[in-house]
>>> print(open('final_4.pdb').read())   # PDB, C-alpha atoms and all ligand atoms
ATOM      1  CA  MET A   1       5.516 -20.609  13.025  1.00  0.00           C
ATOM      2  CA  LEU A   2       6.891 -18.118  10.452  1.00  0.00           C
ATOM      3  CA  GLU A   3       9.001 -16.466  13.159  1.00  0.00           C
ATOM      4  CA  GLU A   4      11.300 -14.711  10.663  1.00  0.00           C
ATOM      5  CA  LEU A   5       8.359 -13.297   8.694  1.00  0.00           C
ATOM      6  CA  LYS A   6       6.686 -12.144  11.939  1.00  0.00           C
ATOM      7  CA  GLU A   7       9.869 -10.287  12.829  1.00  0.00           C
ATOM      8  CA  GLN A   8      10.010  -8.647   9.350  1.00  0.00           C
ATOM      9  CA  VAL A   9       6.339  -7.681   9.441  1.00  0.00           C
ATOM     10  CA  TYR A  10       6.709  -6.294  12.966  1.00  0.00           C
ATOM     11  CA  GLU A  11       9.718  -4.179  11.887  1.00  0.00           C
ATOM     12  CA  ALA A  12       7.798  -2.933   8.845  1.00  0.00           C
ATOM     13  CA  ASN A  13       4.797  -2.000  11.002  1.00  0.00           C
ATOM     14  CA  MET A  14       7.049  -0.053  13.373  1.00  0.00           C
ATOM     15  CA  GLU A  15       8.307   1.969  10.391  1.00  0.00           C
ATOM     16  CA  LEU A  16       4.836   3.495   9.963  1.00  0.00           C
ATOM     17  CA  PRO A  17       4.896   5.669  13.118  1.00  0.00           C
ATOM     18  CA  ALA A  18       8.671   6.200  12.680  1.00  0.00           C
ATOM     19  CA  LYS A  19       8.056   7.692   9.212  1.00  0.00           C
ATOM     20  CA  GLY A  20       5.038   9.715  10.367  1.00  0.00           C
ATOM     21  CA  LEU A  21       2.521   7.737   8.327  1.00  0.00           C
ATOM     22  CA  VAL A  22       0.140   6.730  11.115  1.00  0.00           C
ATOM     23  CA  THR A  23      -1.708   8.402  13.948  1.00  0.00           C
ATOM     24  CA  TYR A  24      -2.789   6.137  16.825  1.00  0.00           C
ATOM     25  CA  THR A  25      -3.523   2.687  15.320  1.00  0.00           C
ATOM     26  CA  TRP A  26      -4.582   3.847  11.834  1.00  0.00           C
ATOM     27  CA  GLY A  27      -2.541   1.541   9.682  1.00  0.00           C
ATOM     28  CA  ASN A  28      -1.288  -1.958   9.100  1.00  0.00           C
ATOM     29  CA  VAL A  29       1.397  -3.917   7.272  1.00  0.00           C
ATOM     30  CA  SER A  30       1.423  -7.558   6.188  1.00  0.00           C
ATOM     31  CA  GLY A  31       3.898  -9.877   4.471  1.00  0.00           C
ATOM     32  CA  ILE A  32       3.348 -13.205   2.736  1.00  0.00           C
ATOM     33  CA  ASP A  33       5.183 -16.537   2.523  1.00  0.00           C
ATOM     34  CA  ARG A  34       3.952 -17.740  -0.888  1.00  0.00           C
ATOM     35  CA  ARG A  35       5.547 -21.176  -0.496  1.00  0.00           C
ATOM     36  CA  LYS A  36       3.633 -21.876   2.692  1.00  0.00           C
ATOM     37  CA  GLY A  37       0.500 -20.073   1.464  1.00  0.00           C
ATOM     38  CA  MET A  38       0.269 -17.913   4.590  1.00  0.00           C
ATOM     39  CA  PHE A  39       0.608 -14.262   5.443  1.00  0.00           C
ATOM     40  CA  VAL A  40       1.440 -12.370   8.636  1.00  0.00           C
ATOM     41  CA  ILE A  41      -0.390  -9.186   9.618  1.00  0.00           C
ATOM     42  CA  LYS A  42      -0.582  -6.713  12.486  1.00  0.00           C
ATOM     43  CA  PRO A  43      -3.280  -7.342  15.113  1.00  0.00           C
ATOM     44  CA  SER A  44      -6.230  -4.930  15.106  1.00  0.00           C
ATOM     45  CA  GLY A  45      -6.287  -1.837  17.271  1.00  0.00           C
ATOM     46  CA  ILE A  46      -3.176  -2.493  19.398  1.00  0.00           C
ATOM     47  CA  ALA A  47      -1.067   0.605  20.114  1.00  0.00           C
ATOM     48  CA  TYR A  48       2.212   0.573  18.178  1.00  0.00           C
ATOM     49  CA  GLU A  49       4.195   1.193  21.402  1.00  0.00           C
ATOM     50  CA  GLU A  50       2.809  -2.066  22.795  1.00  0.00           C
ATOM     51  CA  LEU A  51       3.302  -4.235  19.720  1.00  0.00           C
ATOM     52  CA  ARG A  52       5.749  -7.146  19.824  1.00  0.00           C
ATOM     53  CA  PRO A  53       6.814  -9.535  17.028  1.00  0.00           C
ATOM     54  CA  SER A  54       4.943 -12.375  18.758  1.00  0.00           C
ATOM     55  CA  ASP A  55       1.691 -10.364  18.500  1.00  0.00           C
ATOM     56  CA  MET A  56       1.692 -10.669  14.699  1.00  0.00           C
ATOM     57  CA  VAL A  57      -1.171 -12.842  13.413  1.00  0.00           C
ATOM     58  CA  VAL A  58      -0.678 -15.671  10.896  1.00  0.00           C
ATOM     59  CA  MET A  59      -3.455 -16.153   8.307  1.00  0.00           C
ATOM     60  CA  ASP A  60      -3.982 -18.670   5.515  1.00  0.00           C
ATOM     61  CA  LEU A  61      -5.190 -17.774   2.023  1.00  0.00           C
ATOM     62  CA  ASP A  62      -8.724 -18.961   2.843  1.00  0.00           C
ATOM     63  CA  GLY A  63      -8.932 -16.193   5.440  1.00  0.00           C
ATOM     64  CA  ASN A  64      -8.545 -18.461   8.475  1.00  0.00           C
ATOM     65  CA  LYS A  65      -6.431 -17.434  11.450  1.00  0.00           C
ATOM     66  CA  VAL A  66      -3.650 -19.977  11.834  1.00  0.00           C
ATOM     67  CA  GLU A  67      -1.817 -18.470  14.807  1.00  0.00           C
ATOM     68  CA  GLY A  68      -1.993 -15.452  17.091  1.00  0.00           C
ATOM     69  CA  ASP A  69      -3.498 -14.289  20.370  1.00  0.00           C
ATOM     70  CA  TYR A  70      -5.274 -11.280  18.870  1.00  0.00           C
ATOM     71  CA  HIS A  71      -7.801 -10.628  16.122  1.00  0.00           C
ATOM     72  CA  PRO A  72      -5.985  -9.713  12.891  1.00  0.00           C
ATOM     73  CA  SER A  73      -6.201  -6.203  11.417  1.00  0.00           C
ATOM     74  CA  SER A  74      -9.715  -5.211  10.411  1.00  0.00           C
ATOM     75  CA  ASP A  75      -8.315  -4.727   6.879  1.00  0.00           C
ATOM     76  CA  THR A  76      -7.174  -8.364   6.600  1.00  0.00           C
ATOM     77  CA  PRO A  77      -9.799  -9.320   3.946  1.00  0.00           C
ATOM     78  CA  THR A  78      -8.493  -6.468   1.729  1.00  0.00           C
ATOM     79  CA  HIS A  79      -4.907  -7.727   2.067  1.00  0.00           C
ATOM     80  CA  LEU A  80      -6.104 -11.268   1.324  1.00  0.00           C
ATOM     81  CA  GLU A  81      -7.825 -10.278  -1.944  1.00  0.00           C
ATOM     82  CA  LEU A  82      -4.756  -8.330  -3.076  1.00  0.00           C
ATOM     83  CA  TYR A  83      -2.412 -11.263  -2.354  1.00  0.00           C
ATOM     84  CA  LYS A  84      -4.691 -13.583  -4.323  1.00  0.00           C
ATOM     85  CA  ALA A  85      -4.991 -11.230  -7.319  1.00  0.00           C
ATOM     86  CA  PHE A  86      -1.451  -9.829  -7.490  1.00  0.00           C
ATOM     87  CA  GLY A  87       0.792 -12.901  -7.437  1.00  0.00           C
ATOM     88  CA  GLN A  88       4.015 -10.902  -7.647  1.00  0.00           C
ATOM     89  CA  ILE A  89       3.599  -8.891  -4.427  1.00  0.00           C
ATOM     90  CA  GLY A  90       5.054  -9.923  -1.065  1.00  0.00           C
ATOM     91  CA  GLY A  91       3.958  -7.126   1.279  1.00  0.00           C
ATOM     92  CA  ILE A  92       1.050  -4.697   1.685  1.00  0.00           C
ATOM     93  CA  VAL A  93       0.585  -1.459   3.638  1.00  0.00           C
ATOM     94  CA  HIS A  94      -2.522   0.517   4.490  1.00  0.00           C
ATOM     95  CA  THR A  95      -2.404   3.906   6.208  1.00  0.00           C
ATOM     96  CA  HIS A  96      -4.480   7.026   6.632  1.00  0.00           C
ATOM     97  CA  SER A  97      -1.472   9.259   5.902  1.00  0.00           C
ATOM     98  CA  ALA A  98      -2.825  12.789   5.533  1.00  0.00           C
ATOM     99  CA  TRP A  99      -1.781  13.824   2.016  1.00  0.00           C
ATOM    100  CA  ALA A 100      -2.619  10.575   0.274  1.00  0.00           C
ATOM    101  CA  THR A 101      -5.890  10.377   2.201  1.00  0.00           C
ATOM    102  CA  SER A 102      -6.756  13.934   1.135  1.00  0.00           C
ATOM    103  CA  TRP A 103      -6.535  12.883  -2.539  1.00  0.00           C
ATOM    104  CA  ALA A 104      -8.584   9.763  -1.717  1.00  0.00           C
ATOM    105  CA  GLN A 105     -11.230  11.848   0.006  1.00  0.00           C
ATOM    106  CA  ALA A 106     -11.357  14.115  -3.032  1.00  0.00           C
ATOM    107  CA  GLY A 107     -11.777  10.986  -5.177  1.00  0.00           C
ATOM    108  CA  ARG A 108      -8.843  12.026  -7.344  1.00  0.00           C
ATOM    109  CA  PRO A 109      -5.886  10.067  -8.743  1.00  0.00           C
ATOM    110  CA  VAL A 110      -2.490  11.663  -8.093  1.00  0.00           C
ATOM    111  CA  PRO A 111      -1.179  13.042 -11.424  1.00  0.00           C
ATOM    112  CA  CYS A 112       2.488  12.552 -12.248  1.00  0.00           C
ATOM    113  CA  TYR A 113       3.864  16.078 -12.049  1.00  0.00           C
ATOM    114  CA  GLY A 114       7.549  15.227 -11.801  1.00  0.00           C
ATOM    115  CA  THR A 115      10.431  12.835 -11.559  1.00  0.00           C
ATOM    116  CA  THR A 116      10.054  11.968  -7.854  1.00  0.00           C
ATOM    117  CA  HIS A 117       6.724  10.396  -8.734  1.00  0.00           C
ATOM    118  CA  ALA A 118       7.995   8.883 -12.020  1.00  0.00           C
ATOM    119  CA  ASP A 119      10.898   7.179 -10.238  1.00  0.00           C
ATOM    120  CA  TYR A 120       8.411   4.916  -8.424  1.00  0.00           C
ATOM    121  CA  PHE A 121       4.951   5.065 -10.019  1.00  0.00           C
ATOM    122  CA  TYR A 122       4.491   4.742 -13.778  1.00  0.00           C
ATOM    123  CA  GLY A 123       1.757   7.240 -14.557  1.00  0.00           C
ATOM    124  CA  GLN A 124      -1.004   8.376 -12.225  1.00  0.00           C
ATOM    125  CA  ILE A 125      -1.607   6.762  -8.859  1.00  0.00           C
ATOM    126  CA  PRO A 126      -5.185   5.663  -9.471  1.00  0.00           C
ATOM    127  CA  CYS A 127      -8.145   6.246  -7.193  1.00  0.00           C
ATOM    128  CA  ALA A 128     -10.450   3.235  -6.882  1.00  0.00           C
ATOM    129  CA  ARG A 129     -14.152   4.040  -7.092  1.00  0.00           C
ATOM    130  CA  GLY A 130     -16.311   4.389  -3.998  1.00  0.00           C
ATOM    131  CA  LEU A 131     -18.240   1.318  -2.882  1.00  0.00           C
ATOM    132  CA  SER A 132     -21.985   0.933  -3.407  1.00  0.00           C
ATOM    133  CA  ALA A 133     -24.289   0.689  -0.387  1.00  0.00           C
ATOM    134  CA  GLU A 134     -24.554  -3.053  -0.990  1.00  0.00           C
ATOM    135  CA  GLU A 135     -20.763  -3.424  -1.213  1.00  0.00           C
ATOM    136  CA  ILE A 136     -20.380  -1.535   2.059  1.00  0.00           C
ATOM    137  CA  ARG A 137     -23.096  -3.523   3.838  1.00  0.00           C
ATOM    138  CA  GLU A 138     -21.828  -6.934   2.681  1.00  0.00           C
ATOM    139  CA  GLU A 139     -18.138  -7.824   3.200  1.00  0.00           C
ATOM    140  CA  TYR A 140     -16.922  -4.214   3.161  1.00  0.00           C
ATOM    141  CA  GLU A 141     -13.213  -4.971   3.575  1.00  0.00           C
ATOM    142  CA  LYS A 142     -13.219  -7.777   0.992  1.00  0.00           C
ATOM    143  CA  ASN A 143     -15.040  -5.476  -1.459  1.00  0.00           C
ATOM    144  CA  THR A 144     -12.431  -2.781  -0.846  1.00  0.00           C
ATOM    145  CA  GLY A 145      -9.894  -5.281  -2.185  1.00  0.00           C
ATOM    146  CA  LEU A 146     -12.118  -6.173  -5.136  1.00  0.00           C
ATOM    147  CA  VAL A 147     -12.536  -2.536  -6.266  1.00  0.00           C
ATOM    148  CA  ILE A 148      -8.754  -2.100  -6.105  1.00  0.00           C
ATOM    149  CA  ILE A 149      -8.388  -5.168  -8.324  1.00  0.00           C
ATOM    150  CA  GLU A 150     -11.054  -3.759 -10.665  1.00  0.00           C
ATOM    151  CA  THR A 151      -9.043  -0.513 -10.855  1.00  0.00           C
ATOM    152  CA  PHE A 152      -5.946  -2.482 -11.886  1.00  0.00           C
ATOM    153  CA  GLN A 153      -7.566  -4.292 -14.814  1.00  0.00           C
ATOM    154  CA  GLY A 154      -5.033  -3.802 -17.632  1.00  0.00           C
ATOM    155  CA  LYS A 155      -2.460  -2.214 -15.278  1.00  0.00           C
ATOM    156  CA  ASN A 156       0.701  -3.785 -13.938  1.00  0.00           C
ATOM    157  CA  PRO A 157       0.716  -3.620 -10.091  1.00  0.00           C
ATOM    158  CA  SER A 158       4.529  -3.769 -10.168  1.00  0.00           C
ATOM    159  CA  TYR A 159       4.627  -0.539 -12.207  1.00  0.00           C
ATOM    160  CA  VAL A 160       2.046   1.208 -10.025  1.00  0.00           C
ATOM    161  CA  PRO A 161       2.710  -0.086  -6.495  1.00  0.00           C
ATOM    162  CA  GLY A 162      -0.128   1.735  -4.783  1.00  0.00           C
ATOM    163  CA  VAL A 163      -3.667   3.037  -5.015  1.00  0.00           C
ATOM    164  CA  LEU A 164      -6.073   5.396  -3.310  1.00  0.00           C
ATOM    165  CA  CYS A 165      -9.513   4.253  -2.212  1.00  0.00           C
ATOM    166  CA  THR A 166     -12.249   6.889  -2.528  1.00  0.00           C
ATOM    167  CA  ASN A 167     -13.351   8.276   0.864  1.00  0.00           C
ATOM    168  CA  HIS A 168     -10.803   6.059   2.599  1.00  0.00           C
ATOM    169  CA  GLY A 169      -7.040   6.155   2.087  1.00  0.00           C
ATOM    170  CA  PRO A 170      -4.023   4.583   0.397  1.00  0.00           C
ATOM    171  CA  PHE A 171      -2.859   0.989   0.022  1.00  0.00           C
ATOM    172  CA  SER A 172       0.616   0.244  -1.296  1.00  0.00           C
ATOM    173  CA  TRP A 173       2.593  -2.923  -1.917  1.00  0.00           C
ATOM    174  CA  GLY A 174       6.048  -4.237  -2.796  1.00  0.00           C
ATOM    175  CA  LYS A 175       8.158  -7.374  -3.093  1.00  0.00           C
ATOM    176  CA  ASP A 176       8.146  -7.626   0.716  1.00  0.00           C
ATOM    177  CA  ALA A 177       6.716  -5.778   3.721  1.00  0.00           C
ATOM    178  CA  MET A 178       9.575  -3.271   3.981  1.00  0.00           C
ATOM    179  CA  GLU A 179       9.428  -2.371   0.274  1.00  0.00           C
ATOM    180  CA  ALA A 180       5.670  -1.848   0.636  1.00  0.00           C
ATOM    181  CA  VAL A 181       6.400   0.628   3.476  1.00  0.00           C
ATOM    182  CA  HIS A 182       9.004   2.360   1.280  1.00  0.00           C
ATOM    183  CA  ASN A 183       6.345   2.784  -1.422  1.00  0.00           C
ATOM    184  CA  ALA A 184       3.844   4.075   1.168  1.00  0.00           C
ATOM    185  CA  VAL A 185       6.354   6.759   2.194  1.00  0.00           C
ATOM    186  CA  VAL A 186       6.928   7.738  -1.452  1.00  0.00           C
ATOM    187  CA  LEU A 187       3.182   7.777  -2.144  1.00  0.00           C
ATOM    188  CA  GLU A 188       2.638  10.186   0.759  1.00  0.00           C
ATOM    189  CA  GLU A 189       5.493  12.456  -0.368  1.00  0.00           C
ATOM    190  CA  VAL A 190       4.365  12.646  -3.995  1.00  0.00           C
ATOM    191  CA  ALA A 191       0.748  13.228  -2.885  1.00  0.00           C
ATOM    192  CA  LYS A 192       1.985  16.181  -0.822  1.00  0.00           C
ATOM    193  CA  MET A 193       4.088  17.548  -3.696  1.00  0.00           C
ATOM    194  CA  ALA A 194       1.223  17.178  -6.188  1.00  0.00           C
ATOM    195  CA  ALA A 195      -1.190  19.057  -3.898  1.00  0.00           C
ATOM    196  CA  ARG A 196       1.331  21.874  -3.515  1.00  0.00           C
ATOM    197  CA  THR A 197       2.002  21.935  -7.266  1.00  0.00           C
ATOM    198  CA  GLU A 198      -1.688  22.549  -7.865  1.00  0.00           C
ATOM    199  CA  GLN A 199      -1.712  25.302  -5.218  1.00  0.00           C
ATOM    200  CA  LEU A 200       1.242  27.071  -6.829  1.00  0.00           C
ATOM    201  CA  ARG A 201       0.051  27.065 -10.437  1.00  0.00           C
ATOM    202  CA  THR A 202      -3.319  27.884 -11.903  1.00  0.00           C
ATOM    203  CA  GLU A 203      -2.591  25.708 -14.916  1.00  0.00           C
ATOM    204  CA  VAL A 204      -0.769  22.446 -14.257  1.00  0.00           C
ATOM    205  CA  HIS A 205       0.434  19.783 -16.649  1.00  0.00           C
ATOM    206  CA  GLU A 206       1.627  16.267 -16.035  1.00  0.00           C
ATOM    207  CA  ALA A 207       5.322  15.655 -16.659  1.00  0.00           C
ATOM    208  CA  PRO A 208       6.053  14.847 -20.332  1.00  0.00           C
ATOM    209  CA  ARG A 209       5.697  11.140 -21.185  1.00  0.00           C
ATOM    210  CA  MET A 210       9.419  11.065 -22.155  1.00  0.00           C
ATOM    211  CA  ILE A 211      10.488  12.109 -18.664  1.00  0.00           C
ATOM    212  CA  GLN A 212       8.039   9.694 -17.016  1.00  0.00           C
ATOM    213  CA  ASP A 213       9.399   6.816 -19.126  1.00  0.00           C
ATOM    214  CA  LYS A 214      13.009   7.833 -18.525  1.00  0.00           C
ATOM    215  CA  HIS A 215      12.675   7.988 -14.747  1.00  0.00           C
ATOM    216  CA  PHE A 216      10.526   4.898 -14.258  1.00  0.00           C
ATOM    217  CA  PHE A 217      12.523   2.597 -16.537  1.00  0.00           C
ATOM    218  CA  ARG A 218      15.941   3.671 -15.305  1.00  0.00           C
ATOM    219  CA  LYS A 219      14.917   2.152 -11.958  1.00  0.00           C
ATOM    220  CA  HIS A 220      12.624  -0.712 -13.049  1.00  0.00           C
ATOM    221  CA  GLY A 221      12.646  -3.485 -15.647  1.00  0.00           C
ATOM    222  CA  PRO A 222      15.364  -5.123 -17.760  1.00  0.00           C
ATOM    223  CA  ASN A 223      17.145  -1.898 -18.789  1.00  0.00           C
ATOM    224  CA  ALA A 224      17.294  -0.324 -15.323  1.00  0.00           C
ATOM    225  CA  TYR A 225      20.649   1.275 -14.533  1.00  0.00           C
ATOM    226  CA  TYR A 226      19.995   3.315 -11.363  1.00  0.00           C
ATOM    227  CA  GLY A 227      21.933   2.510  -8.170  1.00  0.00           C
ATOM    228  CA  ASN A 228      24.753   0.145  -7.278  1.00  0.00           C
ATOM    229  CA  ALA A 229      23.018  -3.151  -6.521  1.00  0.00           C
ATOM    230  CA  GLY A 230      25.456  -6.047  -6.901  1.00  0.00           C
ATOM    231  CA  LYS A 231      28.606  -3.847  -6.714  1.00  0.00           C
TER     232      LYS A 231
HETATM  233  O1  LIG B   1      -9.570   2.235   8.296  1.00  0.00           O
HETATM  234  C1  LIG B   1      -9.411   1.802   9.405  1.00  0.00           C
HETATM  235  C2  LIG B   1     -10.371   2.138  10.426  1.00  0.00           C
HETATM  236  O2  LIG B   1     -11.381   2.950   9.880  1.00  0.00           O
HETATM  237  C3  LIG B   1      -8.251   0.906   9.668  1.00  0.00           C
HETATM  238  O3  LIG B   1      -7.540   0.821   8.465  1.00  0.00           O
HETATM  239  C4  LIG B   1      -7.218   1.395  10.656  1.00  0.00           C
HETATM  240  O4  LIG B   1      -7.773   1.960  11.764  1.00  0.00           O
HETATM  241  C5  LIG B   1      -6.313   0.236  11.072  1.00  0.00           C
HETATM  242  O5  LIG B   1      -7.081  -0.796  11.660  1.00  0.00           O
HETATM  243  P1  LIG B   1      -6.435  -2.069  12.304  1.00  0.00           P
HETATM  244  O6  LIG B   1      -5.817  -1.660  13.630  1.00  0.00           O
HETATM  245  O7  LIG B   1      -5.395  -2.574  11.353  1.00  0.00           O
HETATM  246  O8  LIG B   1      -7.593  -3.023  12.475  1.00  0.00           O
END
>>> encode(input="final_4.pdb", output="structure tokens")
Amino acid sequence: MLEELKEQVYEANMELPAKGLVTYTWGNVSGIDRRKGMFVIKPSGIAYEELRPSDMVVMDLDGNKVEGDYHPSSDTPTHLELYKAFGQIGGIVHTHSAWATSWAQAGRPVPCYGTTHADYFYGQIPCARGLSAEEIREEYEKNTGLVIIETFQGKNPSYVPGVLCTNHGPFSWGKDAMEAVHNAVVLEEVAKMAARTEQLRTEVHEAPRMIQDKHFFRKHGPNAYYGNAGK
């Protein structure tokens, strides 16, 4: 079942170690088939070198395992909440990539200091609040998803395709699993650049709103003109 999606999700997962975003098994990618109401996710705790497409786990949107020999990723309930809340996304990534996780551990959003950031994320990359003791005790992974959703009240998840979770790490998303990985790579790079920017200057300012608008909207939305798609 969903063999093509399993293949895509497997390939996207294998991009995480290839792009230096995961150490050991510290990450996961999923992708959804909205028509069938199911998503495919990496199994929990299996070494990337041993993963095969057939190891990917199929889940339904009630959180039931539909197919797979292994337990799904421990972060599956977070992915599930995000798929339910953000109807436009088709893939999700979670990593503990070092620069993004450093901002998450500091409990700080990543400010937009330049055009690399503005090309992909419109404004700051937010940092979701830490969970209460109760939220950690009861359904921790589901509540991680719910605080991300809380953070995005009034924000467009297509304009800000990622988030940091306080004390934890980044989640990112995209139209499919591979685009979500692309955004995870960008998130890590801009987190690194922002940290270095703050090291280099005693007084730092976010990029002017004009430049943020220019760079984001030349790549996204109805007036985008970047690239050669369709040529
Ligand atoms: O945060 C953690 C573990 O603390 C997980 O995201 C990470 O190790 C990946 O777990 P899975 O192998 O996907 O279950």
>>> residues_near_ligand(input="final_4.pdb", ligand="ligand LIG 1 (chain B)", cutoff="8 Å", atoms="all atoms listed in the file", output="list in words")
Thr25, Trp26, Gly27, Asn28, Lys42, Pro43, Ser44, Gly45, Ile46, Pro72, Ser73, Ser74, Asp75, Thr76, His94, Thr95, His96, His168 and Gly169 of chain A
>>> write_last_selection(input="final_4.pdb", atoms="C-alpha atoms", output="PDB file, in the coordinates of the input")
ATOM      1  CA  THR A  25      -3.523   2.687  15.320  1.00  0.00           C
ATOM      2  CA  TRP A  26      -4.582   3.847  11.834  1.00  0.00           C
ATOM      3  CA  GLY A  27      -2.541   1.541   9.682  1.00  0.00           C
ATOM      4  CA  ASN A  28      -1.288  -1.958   9.100  1.00  0.00           C
ATOM      5  CA  LYS A  42      -0.582  -6.713  12.486  1.00  0.00           C
ATOM      6  CA  PRO A  43      -3.280  -7.342  15.113  1.00  0.00           C
ATOM      7  CA  SER A  44      -6.230  -4.930  15.106  1.00  0.00           C
ATOM      8  CA  GLY A  45      -6.287  -1.837  17.271  1.00  0.00           C
ATOM      9  CA  ILE A  46      -3.176  -2.493  19.398  1.00  0.00           C
ATOM     10  CA  PRO A  72      -5.985  -9.713  12.891  1.00  0.00           C
ATOM     11  CA  SER A  73      -6.201  -6.203  11.417  1.00  0.00           C
ATOM     12  CA  SER A  74      -9.715  -5.211  10.411  1.00  0.00           C
ATOM     13  CA  ASP A  75      -8.315  -4.727   6.879  1.00  0.00           C
ATOM     14  CA  THR A  76      -7.174  -8.364   6.600  1.00  0.00           C
ATOM     15  CA  HIS A  94      -2.522   0.517   4.490  1.00  0.00           C
ATOM     16  CA  THR A  95      -2.404   3.906   6.208  1.00  0.00           C
ATOM     17  CA  HIS A  96      -4.480   7.026   6.632  1.00  0.00           C
ATOM     18  CA  HIS A 168     -10.803   6.059   2.599  1.00  0.00           C
ATOM     19  CA  GLY A 169      -7.040   6.155   2.087  1.00  0.00           C
TER      20      GLY A 169
END
>>> atom_distance(input="final_4.pdb", atom1="CA of Ala195 in chain A", atom2="CA of Gly221 in chain A")
28.9 Å
>>> resolve_selection(input="final_4.pdb", expression="the PyMOL selection byres (((chain A and resi 142-158) around 10) and not hetatm)", output="ChimeraX atom specification")
/A:75-83,85-89,120-122,126-132,134-141,159-166,168,171-175,220-221
>>> resolve_selection(input="final_4.pdb", expression="the PyMOL selection byres (((chain A and resi 182) around 10) and not hetatm)", output="PyMOL selection string")
chain A and resi 12+15-16+19+93+172-174+177-181+183-187
>>> atom_distance(input="final_4.pdb", atom1="CA of Pro170 in chain A", atom2="CA of Gly107 in chain A")
11.5 Å
>>> closest_residue(input="final_4.pdb", among="A:Glu188, A:Lys36, A:Ser97, A:Asp62", to="Ile125 in chain A", atoms="all atoms listed in the file")
A:Glu188
>>> resolve_selection(input="final_4.pdb", expression="the PyMOL selection byres (((chain A and resi 116) around 12) and not hetatm)", output="ChimeraX atom specification")
/A:111-115,117-123,183,185-194,207,211-212,214-216,219
>>> atom_distance(input="final_4.pdb", atom1="CA of Thr101 in chain A", atom2="CA of Asn167 in chain A")
7.9 Å
>>> axis_aligned_box(input="final_4.pdb", around="range 172-182 of chain A", padding_each_side="5 Å", output="AutoDock Vina command-line options")
--center_x 5.1 --center_y -2.6 --center_z 0.4 --size_x 19.0 --size_y 20.0 --size_z 17.1
>>> closest_residue(input="final_4.pdb", among="A:Val40, A:Met1, A:Leu200, A:Gln124", to="Arg108 in chain A", atoms="all atoms listed in the file")
A:Gln124
>>> build_atoms(input="final_4.pdb", residues="range 79-93 of chain A", atoms="N, CA and C atoms", output="compact mmCIF listing (two decimals), keeping the file's coordinate frame")
# COMPACT_ATOMS: atom_id res chain seq x y z
N HIS A 79 -6.26 -7.19 2.33
CA HIS A 79 -4.91 -7.73 2.07
C HIS A 79 -5.04 -9.09 1.37
N LEU A 80 -5.94 -9.92 1.88
CA LEU A 80 -6.10 -11.27 1.32
C LEU A 80 -6.47 -11.21 -0.16
N GLU A 81 -7.43 -10.36 -0.53
CA GLU A 81 -7.82 -10.28 -1.94
C GLU A 81 -6.65 -9.80 -2.80
N LEU A 82 -5.89 -8.85 -2.29
CA LEU A 82 -4.76 -8.33 -3.08
C LEU A 82 -3.69 -9.41 -3.26
N TYR A 83 -3.40 -10.18 -2.21
CA TYR A 83 -2.41 -11.26 -2.35
C TYR A 83 -2.88 -12.29 -3.38
N LYS A 84 -4.19 -12.57 -3.38
CA LYS A 84 -4.69 -13.58 -4.32
C LYS A 84 -4.63 -13.07 -5.77
N ALA A 85 -4.92 -11.77 -5.95
CA ALA A 85 -4.99 -11.23 -7.32
C ALA A 85 -3.63 -10.84 -7.89
N PHE A 86 -2.75 -10.34 -7.03
CA PHE A 86 -1.45 -9.83 -7.49
C PHE A 86 -0.36 -10.80 -7.02
N GLY A 87 -0.10 -11.82 -7.85
CA GLY A 87 0.79 -12.90 -7.44
C GLY A 87 2.23 -12.49 -7.22
N GLN A 88 2.61 -11.31 -7.75
CA GLN A 88 4.01 -10.90 -7.65
C GLN A 88 4.31 -10.10 -6.38
N ILE A 89 3.32 -9.75 -5.59
CA ILE A 89 3.60 -8.89 -4.43
C ILE A 89 3.85 -9.73 -3.17
N GLY A 90 4.71 -9.19 -2.28
CA GLY A 90 5.05 -9.92 -1.06
C GLY A 90 4.71 -9.18 0.21
N GLY A 91 4.31 -7.91 0.09
CA GLY A 91 3.96 -7.13 1.28
C GLY A 91 2.95 -6.04 0.92
N ILE A 92 2.11 -5.70 1.91
CA ILE A 92 1.05 -4.70 1.68
C ILE A 92 1.00 -3.75 2.89
N VAL A 93 0.73 -2.48 2.58
CA VAL A 93 0.58 -1.46 3.64
C VAL A 93 -0.72 -0.70 3.43
